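Text of the file target.pdb, holding PDB, N, CA and C atoms, pLDDT in the B column:
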MODEL        1
ATOM      1  N   MET A   1      93.031 103.561  41.926  1.00 81.00           N
ATOM      2  CA  MET A   1      94.081 104.228  41.170  1.00 81.00           C
ATOM      3  C   MET A   1      93.938 105.727  41.380  1.00 81.00           C
ATOM      4  N   TRP A   2      95.080 106.376  41.610  1.00 81.00           N
ATOM      5  CA  TRP A   2      95.094 107.830  41.733  1.00 81.00           C
ATOM      6  C   TRP A   2      95.548 108.426  40.417  1.00 81.00           C
ATOM      7  N   ILE A   3      94.951 109.543  40.054  1.00 87.00           N
ATOM      8  CA  ILE A   3      95.427 110.323  38.915  1.00 87.00           C
ATOM      9  C   ILE A   3      95.842 111.666  39.481  1.00 87.00           C
ATOM     10  N   VAL A   4      97.135 111.988  39.368  1.00 87.00           N
ATOM     11  CA  VAL A   4      97.693 113.185  39.980  1.00 87.00           C
ATOM     12  C   VAL A   4      98.358 114.017  38.899  1.00 87.00           C
ATOM     13  N   GLU A   5      98.035 115.278  38.843  1.00 89.00           N
ATOM     14  CA  GLU A   5      98.679 116.177  37.885  1.00 89.00           C
ATOM     15  C   GLU A   5      99.893 116.815  38.538  1.00 89.00           C
ATOM     16  N   ARG A   6     101.025 116.720  37.897  1.00 91.00           N
ATOM     17  CA  ARG A   6     102.273 117.334  38.360  1.00 91.00           C
ATOM     18  C   ARG A   6     102.946 117.969  37.151  1.00 91.00           C
ATOM     19  N   GLY A   7     103.638 119.065  37.385  1.00 92.00           N
ATOM     20  CA  GLY A   7     104.405 119.723  36.338  1.00 92.00           C
ATOM     21  C   GLY A   7     105.864 119.299  36.422  1.00 92.00           C
ATOM     22  N   ILE A   8     106.660 119.803  35.504  1.00 94.00           N
ATOM     23  CA  ILE A   8     108.081 119.484  35.489  1.00 94.00           C
ATOM     24  C   ILE A   8     108.712 119.928  36.804  1.00 94.00           C
ATOM     25  N   ASP A   9     109.540 119.067  37.373  1.00 94.00           N
ATOM     26  CA  ASP A   9     110.251 119.250  38.632  1.00 94.00           C
ATOM     27  C   ASP A   9     109.329 119.259  39.857  1.00 94.00           C
ATOM     28  N   GLU A  10     108.093 118.807  39.694  1.00 95.00           N
ATOM     29  CA  GLU A  10     107.203 118.611  40.832  1.00 95.00           C
ATOM     30  C   GLU A  10     107.188 117.128  41.170  1.00 95.00           C
ATOM     31  N   ALA A  11     106.866 116.797  42.422  1.00 95.00           N
ATOM     32  CA  ALA A  11     106.962 115.410  42.865  1.00 95.00           C
ATOM     33  C   ALA A  11     105.724 114.986  43.638  1.00 95.00           C
ATOM     34  N   VAL A  12     105.584 113.676  43.741  1.00 93.00           N
ATOM     35  CA  VAL A  12     104.604 113.039  44.595  1.00 93.00           C
ATOM     36  C   VAL A  12     105.399 112.179  45.573  1.00 93.00           C
ATOM     37  N   ILE A  13     105.079 112.265  46.857  1.00 92.00           N
ATOM     38  CA  ILE A  13     105.782 111.479  47.872  1.00 92.00           C
ATOM     39  C   ILE A  13     104.811 110.453  48.430  1.00 92.00           C
ATOM     40  N   LEU A  14     105.189 109.177  48.312  1.00 88.00           N
ATOM     41  CA  LEU A  14     104.385 108.059  48.805  1.00 88.00           C
ATOM     42  C   LEU A  14     105.219 107.328  49.841  1.00 88.00           C
ATOM     43  N   ASP A  15     104.887 107.517  51.107  1.00 87.00           N
ATOM     44  CA  ASP A  15     105.696 106.982  52.214  1.00 87.00           C
ATOM     45  C   ASP A  15     107.121 107.505  52.065  1.00 87.00           C
ATOM     46  N   ASP A  16     108.085 106.617  51.779  1.00 87.00           N
ATOM     47  CA  ASP A  16     109.474 107.055  51.630  1.00 87.00           C
ATOM     48  C   ASP A  16     109.948 106.995  50.179  1.00 87.00           C
ATOM     49  N   VAL A  17     109.011 106.960  49.227  1.00 88.00           N
ATOM     50  CA  VAL A  17     109.335 106.950  47.799  1.00 88.00           C
ATOM     51  C   VAL A  17     108.938 108.297  47.202  1.00 88.00           C
ATOM     52  N   ILE A  18     109.863 108.898  46.449  1.00 92.00           N
ATOM     53  CA  ILE A  18     109.610 110.188  45.800  1.00 92.00           C
ATOM     54  C   ILE A  18     109.595 109.971  44.290  1.00 92.00           C
ATOM     55  N   VAL A  19     108.489 110.374  43.641  1.00 92.00           N
ATOM     56  CA  VAL A  19     108.356 110.274  42.190  1.00 92.00           C
ATOM     57  C   VAL A  19     108.312 111.696  41.650  1.00 92.00           C
ATOM     58  N   ARG A  20     109.336 112.077  40.870  1.00 94.00           N
ATOM     59  CA  ARG A  20     109.463 113.444  40.367  1.00 94.00           C
ATOM     60  C   ARG A  20     109.362 113.449  38.841  1.00 94.00           C
ATOM     61  N   VAL A  21     108.634 114.426  38.272  1.00 95.00           N
ATOM     62  CA  VAL A  21     108.532 114.593  36.825  1.00 95.00           C
ATOM     63  C   VAL A  21     109.802 115.284  36.343  1.00 95.00           C
ATOM     64  N   VAL A  22     110.526 114.630  35.442  1.00 95.00           N
ATOM     65  CA  VAL A  22     111.786 115.180  34.936  1.00 95.00           C
ATOM     66  C   VAL A  22     111.550 115.936  33.635  1.00 95.00           C
ATOM     67  N   SER A  23     110.779 115.342  32.724  1.00 94.00           N
ATOM     68  CA  SER A  23     110.491 116.020  31.457  1.00 94.00           C
ATOM     69  C   SER A  23     109.199 115.475  30.864  1.00 94.00           C
ATOM     70  N   VAL A  24     108.591 116.289  30.008  1.00 93.00           N
ATOM     71  CA  VAL A  24     107.346 115.914  29.344  1.00 93.00           C
ATOM     72  C   VAL A  24     107.466 116.298  27.883  1.00 93.00           C
ATOM     73  N   SER A  25     107.121 115.369  27.004  1.00 92.00           N
ATOM     74  CA  SER A  25     107.060 115.679  25.576  1.00 92.00           C
ATOM     75  C   SER A  25     105.746 115.123  25.040  1.00 92.00           C
ATOM     76  N   SER A  26     105.504 115.293  23.762  1.00 91.00           N
ATOM     77  CA  SER A  26     104.252 114.799  23.188  1.00 91.00           C
ATOM     78  C   SER A  26     104.205 113.278  23.147  1.00 91.00           C
ATOM     79  N   GLU A  27     105.364 112.619  23.255  1.00 90.00           N
ATOM     80  CA  GLU A  27     105.406 111.163  23.147  1.00 90.00           C
ATOM     81  C   GLU A  27     105.737 110.437  24.448  1.00 90.00           C
ATOM     82  N   GLU A  28     106.318 111.136  25.434  1.00 91.00           N
ATOM     83  CA  GLU A  28     106.707 110.431  26.644  1.00 91.00           C
ATOM     84  C   GLU A  28     106.791 111.366  27.845  1.00 91.00           C
ATOM     85  N   ILE A  29     106.727 110.754  29.007  1.00 91.00           N
ATOM     86  CA  ILE A  29     106.931 111.453  30.269  1.00 91.00           C
ATOM     87  C   ILE A  29     108.071 110.745  30.971  1.00 91.00           C
ATOM     88  N   ARG A  30     109.073 111.485  31.412  1.00 93.00           N
ATOM     89  CA  ARG A  30     110.206 110.890  32.125  1.00 93.00           C
ATOM     90  C   ARG A  30     110.060 111.185  33.605  1.00 93.00           C
ATOM     91  N   LEU A  31     110.204 110.132  34.413  1.00 93.00           N
ATOM     92  CA  LEU A  31     110.076 110.243  35.858  1.00 93.00           C
ATOM     93  C   LEU A  31     111.376 109.828  36.522  1.00 93.00           C
ATOM     94  N   ALA A  32     111.688 110.454  37.645  1.00 92.00           N
ATOM     95  CA  ALA A  32     112.797 110.029  38.501  1.00 92.00           C
ATOM     96  C   ALA A  32     112.155 109.476  39.763  1.00 92.00           C
ATOM     97  N   ILE A  33     112.554 108.267  40.149  1.00 90.00           N
ATOM     98  CA  ILE A  33     111.977 107.619  41.319  1.00 90.00           C
ATOM     99  C   ILE A  33     113.091 107.370  42.324  1.00 90.00           C
ATOM    100  N   ALA A  34     112.945 107.943  43.512  1.00 91.00           N
ATOM    101  CA  ALA A  34     113.937 107.777  44.574  1.00 91.00           C
ATOM    102  C   ALA A  34     113.307 106.991  45.710  1.00 91.00           C
ATOM    103  N   SER A  35     114.027 105.963  46.165  1.00 87.00           N
ATOM    104  CA  SER A  35     113.550 105.174  47.298  1.00 87.00           C
ATOM    105  C   SER A  35     114.757 104.643  48.062  1.00 87.00           C
ATOM    106  N   PRO A  36     114.561 104.288  49.325  1.00 85.00           N
ATOM    107  CA  PRO A  36     115.678 103.733  50.091  1.00 85.00           C
ATOM    108  C   PRO A  36     116.183 102.444  49.438  1.00 85.00           C
ATOM    109  N   ASP A  37     117.455 102.140  49.640  1.00 82.00           N
ATOM    110  CA  ASP A  37     118.042 100.945  49.035  1.00 82.00           C
ATOM    111  C   ASP A  37     117.346  99.664  49.471  1.00 82.00           C
ATOM    112  N   ALA A  38     116.763  99.638  50.650  1.00 78.00           N
ATOM    113  CA  ALA A  38     116.122  98.427  51.150  1.00 78.00           C
ATOM    114  C   ALA A  38     114.756  98.169  50.512  1.00 78.00           C
ATOM    115  N   THR A  39     114.222  99.148  49.771  1.00 77.00           N
ATOM    116  CA  THR A  39     112.909  98.994  49.155  1.00 77.00           C
ATOM    117  C   THR A  39     113.023  98.149  47.895  1.00 77.00           C
ATOM    118  N   PRO A  40     112.281  97.032  47.799  1.00 78.00           N
ATOM    119  CA  PRO A  40     112.333  96.231  46.564  1.00 78.00           C
ATOM    120  C   PRO A  40     111.812  97.038  45.387  1.00 78.00           C
ATOM    121  N   ARG A  41     112.377  96.813  44.231  1.00 77.00           N
ATOM    122  CA  ARG A  41     111.953  97.524  43.022  1.00 77.00           C
ATOM    123  C   ARG A  41     111.456  96.507  42.000  1.00 77.00           C
ATOM    124  N   TYR A  42     110.230  96.701  41.542  1.00 74.00           N
ATOM    125  CA  TYR A  42     109.637  95.808  40.562  1.00 74.00           C
ATOM    126  C   TYR A  42     109.052  96.646  39.437  1.00 74.00           C
ATOM    127  N   ARG A  43     109.073  96.094  38.234  1.00 72.00           N
ATOM    128  CA  ARG A  43     108.395  96.730  37.117  1.00 72.00           C
ATOM    129  C   ARG A  43     107.094  95.980  36.873  1.00 72.00           C
ATOM    130  N   GLU A  44     106.079  96.676  36.414  1.00 74.00           N
ATOM    131  CA  GLU A  44     104.783  96.043  36.190  1.00 74.00           C
ATOM    132  C   GLU A  44     104.901  94.864  35.235  1.00 74.00           C
ATOM    133  N   VAL A  45     105.720  94.973  34.203  1.00 68.00           N
ATOM    134  CA  VAL A  45     105.859  93.867  33.256  1.00 68.00           C
ATOM    135  C   VAL A  45     106.441  92.634  33.934  1.00 68.00           C
ATOM    136  N   VAL A  46     107.281  92.823  34.928  1.00 63.00           N
ATOM    137  CA  VAL A  46     107.848  91.689  35.658  1.00 63.00           C
ATOM    138  C   VAL A  46     106.780  91.056  36.538  1.00 63.00           C
ATOM    139  N   LEU A  47     105.987  91.863  37.207  1.00 62.00           N
ATOM    140  CA  LEU A  47     104.985  91.331  38.119  1.00 62.00           C
ATOM    141  C   LEU A  47     103.827  90.657  37.383  1.00 62.00           C
ATOM    142  N   ASN A  48     103.547  91.051  36.159  1.00 68.00           N
ATOM    143  CA  ASN A  48     102.407  90.508  35.437  1.00 68.00           C
ATOM    144  C   ASN A  48     102.749  89.346  34.519  1.00 68.00           C
ATOM    145  N   ARG A  49     104.010  88.984  34.377  1.00 64.00           N
ATOM    146  CA  ARG A  49     104.345  87.867  33.497  1.00 64.00           C
ATOM    147  C   ARG A  49     103.904  86.556  34.148  1.00 64.00           C
ATOM    148  N   PRO A  50     103.673  85.524  33.346  1.00 66.00           N
ATOM    149  CA  PRO A  50     103.249  84.241  33.909  1.00 66.00           C
ATOM    150  C   PRO A  50     104.275  83.730  34.918  1.00 66.00           C
ATOM    151  N   ARG A  51     103.801  83.193  36.011  1.00 62.00           N
ATOM    152  CA  ARG A  51     104.690  82.700  37.068  1.00 62.00           C
ATOM    153  C   ARG A  51     105.387  81.427  36.627  1.00 62.00           C
ATOM    154  N   GLN A  52     106.690  81.387  36.856  1.00 62.00           N
ATOM    155  CA  GLN A  52     107.474  80.194  36.571  1.00 62.00           C
ATOM    156  C   GLN A  52     107.833  79.465  37.857  1.00 62.00           C
ATOM    157  N   HIS A  53     107.673  80.131  39.009  1.00 57.00           N
ATOM    158  CA  HIS A  53     108.016  79.576  40.307  1.00 57.00           C
ATOM    159  C   HIS A  53     106.857  79.843  41.262  1.00 57.00           C
ATOM    160  N   SER A  54     106.772  79.046  42.284  1.00 59.00           N
ATOM    161  CA  SER A  54     105.831  79.387  43.348  1.00 59.00           C
ATOM    162  C   SER A  54     106.457  80.531  44.144  1.00 59.00           C
ATOM    163  N   ASP A  55     105.654  81.250  44.914  1.00 57.00           N
ATOM    164  CA  ASP A  55     106.174  82.380  45.690  1.00 57.00           C
ATOM    165  C   ASP A  55     107.312  81.963  46.617  1.00 57.00           C
ATOM    166  N   SER A  56     107.244  80.755  47.168  1.00 59.00           N
ATOM    167  CA  SER A  56     108.290  80.313  48.090  1.00 59.00           C
ATOM    168  C   SER A  56     109.585  79.967  47.369  1.00 59.00           C
ATOM    169  N   GLU A  57     109.543  79.803  46.039  1.00 62.00           N
ATOM    170  CA  GLU A  57     110.740  79.454  45.270  1.00 62.00           C
ATOM    171  C   GLU A  57     111.385  80.656  44.591  1.00 62.00           C
ATOM    172  N   LEU A  58     110.790  81.846  44.724  1.00 61.00           N
ATOM    173  CA  LEU A  58     111.337  83.015  44.050  1.00 61.00           C
ATOM    174  C   LEU A  58     112.726  83.323  44.573  1.00 61.00           C
ATOM    175  N   PRO A  59     113.667  83.664  43.677  1.00 62.00           N
ATOM    176  CA  PRO A  59     115.018  83.992  44.133  1.00 62.00           C
ATOM    177  C   PRO A  59     115.030  85.304  44.911  1.00 62.00           C
ATOM    178  N   ILE A  60     115.905  85.411  45.875  1.00 65.00           N
ATOM    179  CA  ILE A  60     116.078  86.642  46.635  1.00 65.00           C
ATOM    180  C   ILE A  60     117.186  87.429  45.966  1.00 65.00           C
ATOM    181  N   VAL A  61     116.906  88.673  45.602  1.00 66.00           N
ATOM    182  CA  VAL A  61     117.858  89.510  44.877  1.00 66.00           C
ATOM    183  C   VAL A  61     118.136  90.757  45.698  1.00 66.00           C
ATOM    184  N   ALA A  62     119.391  91.074  45.889  1.00 65.00           N
ATOM    185  CA  ALA A  62     119.768  92.270  46.642  1.00 65.00           C
ATOM    186  C   ALA A  62     119.357  93.521  45.868  1.00 65.00           C
ATOM    187  N   PRO A  63     119.031  94.625  46.581  1.00 66.00           N
ATOM    188  CA  PRO A  63     118.673  95.873  45.905  1.00 66.00           C
ATOM    189  C   PRO A  63     119.798  96.307  44.959  1.00 66.00           C
ATOM    190  N   GLY A  64     119.414  96.678  43.756  1.00 63.00           N
ATOM    191  CA  GLY A  64     120.370  97.122  42.749  1.00 63.00           C
ATOM    192  C   GLY A  64     120.954  95.997  41.932  1.00 63.00           C
ATOM    193  N   ALA A  65     120.779  94.730  42.347  1.00 63.00           N
ATOM    194  CA  ALA A  65     121.310  93.593  41.606  1.00 63.00           C
ATOM    195  C   ALA A  65     120.355  93.228  40.475  1.00 63.00           C
ATOM    196  N   VAL A  66     120.875  92.571  39.476  1.00 62.00           N
ATOM    197  CA  VAL A  66     120.073  92.148  38.339  1.00 62.00           C
ATOM    198  C   VAL A  66     119.766  90.665  38.508  1.00 62.00           C
ATOM    199  N   PRO A  67     118.469  90.289  38.555  1.00 57.00           N
ATOM    200  CA  PRO A  67     118.138  88.880  38.699  1.00 57.00           C
ATOM    201  C   PRO A  67     118.527  88.091  37.461  1.00 57.00           C
ATOM    202  N   GLU A  68     118.820  86.813  37.639  1.00 58.00           N
ATOM    203  CA  GLU A  68     119.197  85.958  36.510  1.00 58.00           C
ATOM    204  C   GLU A  68     117.994  85.475  35.757  1.00 58.00           C
TER     205      GLU A  68
ENDMDL
END
Once more with this new file: its structure as structure tokens, please.
Amino acid sequence: MWIVERGIDEAVILDDVIVRVVSVSSEEIRLAIASPDATPRYREVVLNRPRQHSDSELPIVAPGAVPE
């Protein structure tokens, strides 16, 4: 795990993904994440939930679409 300090409007670039700090308050940090449309997007809560399907049965979802 990397721990990187960035200020407001500063970014970290990981391959072709840009993570920029938008705002910081005492309760939250807001980030803007830019990536090519072809890059799959997953949230940690989605990846860590109990599996209901085998990997070969997972539905294919187009970028920007909402899975059912």
* **Matched chain/residue IDs from the PyMOL selection byres ((chain A and resi 13-18) around 8), as an MDAnalysis selection string** => chainID A and resid 10:12 19:21 31:36
* Residues within 6.5 Å of Ser23 in chain A, all atoms listed in the file, excluding chain neighbours under 4 positions, as a list of chain:residue names ->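 Surrounding residues, per the criterion: A:Ile8, A:Asp9, A:Glu28, A:Ile29, A:Arg30, A:Leu31.
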* Figure out the distance between atom N of Ser25 in chain A and atom C of Arg6 in chain A, please, to one decimal in Å. =>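 Going from atom C of Arg6 in chain A over to atom N of Ser25 in chain A, I get 11.3 Å.
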* Measure the distance from atom N of Glu27 in chain A to atom N of Glu44 in chain A in Å and round it to one decimal. =>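 Atom N of Glu44 in chain A lies at a distance of 20.7 Å from atom N of Glu27 in chain A.
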* Suppose you want the space between CA of Val22 in chain A and atom N of Asp37 in chain A; what is it in Å? ->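 Taking CA of Val22 in chain A as the start and atom N of Asp37 in chain A as the end point, the length is 20.5 Å.
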Range 17-31 of chain A: axis-aligned bounding box, 4 Å on each side, centre and edge lengths in Å, one decimal, as JSON:
{"center_x": 108.0, "center_y": 111.6, "center_z": 36.2, "size_x": 15.6, "size_y": 17.3, "size_z": 34.1}
